[in-house]
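J.: Structure provided below as structure tokens; questions to follow.
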There are 2 protein chains.
Amino acid sequence: MASNKDTASTKPVRATIRDVARIAKVDPSLVSRIVNNDPKASATLATRKRVLDAVEVLGYRANSAARMLKTARTQMIGLLLPDFANPMYSAIISGVEKRCSELGYGVLLGDHAEGNSEKTFADLLQRGQVDGLLIASVTLSDSFLKNEILNHHEPVVMINRKVRGASASVIVKDELGAELAVQHLSQHGTKTITGIFGPQYIETSQRRKKGFEMAAEKLGLKHQSIEVASWGMEDGRKVGVELLSKKVLPDAIFTSTIMMGIGFLRAAHELSVKIPEDVRVVALHDSPIANYLTPSLTTVNLPTIEMGMQAVDLLVRVMNGGSPTNLVVSDLPTLTIRESSSPHLM
Amino acid sequence: MASNKDTASTKPVRATIRDVARIAKVDPSLVSRIVNNDPKASATLATRKRVLDAVEVLGYRANSAARMLKTARTQMIGLLLPDFANPMYSAIISGVEKRCSELGYGVLLGDHAEGNSEKTFADLLQRGQVDGLLIASVTLSDSFLKNEILNHHEPVVMINRKVRGASASVIVKDELGAELAVQHLSQHGTKTITGIFGPQYIETSQRRKKGFEMAAEKLGLKHQSIEVASWGMEDGRKVGVELLSKKVLPDAIFTSTIMMGIGFLRAAHELSVKIPEDVRVVALHDSPIANYLTPSLTTVNLPTIEMGMQAVDLLVRVMNGGSPTNLVVSDLPTLTIRESSSPHLM
DNA sequence: CTTGACTAGTCAATCGGTTGACTAAAATTA
DNA sequence: TAATTTTAGTCAACCGATTGACTAGTCAAG
């Protein structure tokens, strides 16, 4: 008699380890050891083959719930994001997913639109659905993170952001990215430059601003930093309209996100300010779309996919008992020069 | 003695149902019934309170692996996507995630870049990590899907695509979307119109083309359909360059994806063709970015988020024994008129 | 021929909840 | 008051895989 009674019709009958064991005429424990390459498994070649054949024939896959229960590891990682539409996050997702899939981890998605956050954390971590958590959110406050996350002291890695005081994180060389942009913008006789940044309570925004200001200082540029409440296209547009309505325009603009850069280009278009002739623009973050804007947008390509991958690596290390560290992706930002900063390309 | 022995230091000690039972001085089964609102649970108010208090105090959450194992349901849905960067997919993800979270399902992400596919399917479905699968992929061939997916006859819902012969699906009114675009474009004295479509072995592409052609026919427009191999920005640009290099330009262009539309605008810019003065453009799919392009891009807003949500609903129905159906989201596409199609806005 | 060391594999407890079957006491009905 | 139903809760068998402990048989060495 089959151990799986066929329930009426619809339910697919999944083979269990016992089914395999019965077919191969061995104990389930041996099957387990063989399929998991347990060094403790000792079996003759013939036996091993019988087992493997049975696995093949039955299409056996270990039930992951049972395995999770016994091993207390889910082989899943939670990924918390605020916004799926932002291309920056797309790249992170890609990197995370890629590395996870290489390492045999699943990626459980968690969005945390407003109000959602506690629920998500509780649901994912507390009921043991994931072995660890990646948080790529810029909107959660440091204090919330400290109280909710570090309290539960689960393995957590922050992506693209450090949280003061604790936890592991992976960031990229934002300062250097900003510096690269400023250096490039300083050419062609640029004297004045304006940077547009997100809110400074976010550590990442701070680093970008710092990189911008130090580079401008070093190059002797007259500079100004504008801080806005958010990072989106509309923010870039609004600031752009305001800035470009003035009598005197800066020679160059640096936006700390590509979304802002896109918005800024739009503002310039609306006010008939010529980019790059009147104002040259560089944005942080690359995205395929930068090539297709008019003018195409010069960007600093941050190693975002790499950041996602290394975040997974770090998280896995922490899950295995490694100590949480704050990691900086060693890949350097690179500049992709396009029309928005290069009069001669136009 | 606590049932959880404290392992050295790092591992967080999670309370089990037995811990709760002990504190509340009841049987674990009663705890289970109470926390799950099992109608079979009968307990005095006092007992119930004791249990709930104990749950609260211990921060108890049912271990999901154990529950999965026993109930044979994971409360997770797999979402298979080809590309996280495409804004179209972002909207689908949003909708799926939202509805899942409302219904208490988790979303397990599966990318299926090349070669990845069998592995992903096997991993997710066969080892019972998800109760059902949503597939939002346009690149997998019908035959692959039929053999790999329908063979295993697991609950699967296709998003934005039908597979001939079987399975459940959710699509939107693509024809109508195309028609809406053509109608709008037919104004302002348009006589000739060209549509740009993805490969016709994809059913969705077919419907869009059909909608386009029927509408053009009905309105007495001279029309032409171009078929390209893919749906991206570069495809739109290439076709655009080719098309706009000719001596005679069509009065209007319809692109069947927003990515193509973006690429087309770029082509026009490169060739100094004025949009909308020389050629008017409408793209299928809306996205916030359409507002920020130059010119801003008129789009047909398909109810994509809704599609994601309804896909989840349908999948859940199928998982609960409902019969798989091919569903068309009833929300109608709407037109958002922007500069690319409206001379008077410029 | 005996002892010891492998080899090839089996046994059984366990992970944490769930759920049908069951019981003792209390409440209701006859 | 006795019989019956309800209430309040308990018991114990799972779900499927993992893993430390154990055993029967084989082989080699002494």
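As shown in the structure tokens, the chain order sets the letters A, B, ...; within each chain, residues go from 1, and ligands are also counted from 1 in the order they appear.
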Just the residues within 9 Å of Gly198 in chain B, please, counting only C-alpha atoms (C1' of nucleotides), with nothing from its chain fewer than 4 positions along; format it as a VMD selection string.
T.: chain B and resid 202 204 to 206 209 226 to 231 256 to 257
J.: Write the residues of the preceding selection, restricted to C-alpha atoms, as a tab-separated table (two decimals), in the first residue's frame.
T.:
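Everything below was put into part35.tsv:
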chain	number	residue	atom	x	y	z
B	202	ILE	CA	3.20	35.69	-27.48
B	204	THR	CA	-0.42	39.20	-25.40
B	205	SER	CA	1.43	40.76	-28.31
B	206	GLN	CA	-1.17	39.33	-30.61
B	209	LYS	CA	-1.73	44.11	-32.40
B	226	ILE	CA	5.97	46.38	-37.13
B	227	GLU	CA	6.99	43.36	-35.18
B	228	VAL	CA	10.21	43.29	-33.20
B	229	ALA	CA	11.93	40.55	-31.32
B	230	SER	CA	11.70	42.03	-27.87
B	231	TRP	CA	10.02	44.76	-25.85
B	256	SER	CA	2.86	48.34	-27.37
B	257	THR	CA	5.06	48.84	-24.33
J.: Do me a favour and pick out the residues of chain D within 7 Å of chain A, using only C-alpha atoms (C1' of nucleotides), as number ranges by chain.
T.: D: 16-18
J.: Contacts from chain C to chain A, 7 Å maximum, only C-alpha atoms (C1' of nucleotides): show me the residue list as a ChimeraX atom specification.
T.: /C:8,10,15
J.: For chain A against chain B, which residues fall within 8 Å using only C-alpha atoms, given as number ranges by chain?
T.: A: 10, 12, 14, 61-66, 68-69, 74, 84-85, 87, 90-91, 93-94, 97, 106-111, 126-129, 152-154, 233, 262-263, 265-266, 269, 289, 292-294, 321
J.: List every residue of range 100-330 of chain B that DSSP, applied to the backbone of this structure, places in alpha helix (DSSP H), and write the result as a PyMOL selection string.
T.: chain B and resi 100-103+117-121+142-145+174-185+203-218+233-244+258-270+304-319
J.: Work out how far apart CA of Phe144 in chain A and CA of Val239 in chain A are and give it in Å to one decimal.
T.: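 Separation of CA of Phe144 in chain A and CA of Val239 in chain A: 29.5 Å.
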J.: Pick out each residue of range 139-301 of chain A that DSSP on the backbone tags as strand (DSSP E); I need them as JSON, numbers by chain.
T.: {"A": [156, 157, 158, 159, 168, 169, 170, 171, 192, 193, 194, 195, 196, 197, 222, 223, 224, 225, 226, 227, 252, 253, 254, 255, 280, 281, 282, 283, 284, 298, 299, 300, 301]}
J.: Which distance in Å separates CA of Asn301 in chain A and CA of Asp235 in chain B, to one decimal?
T.: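 Those two atoms sit 23.0 Å apart.
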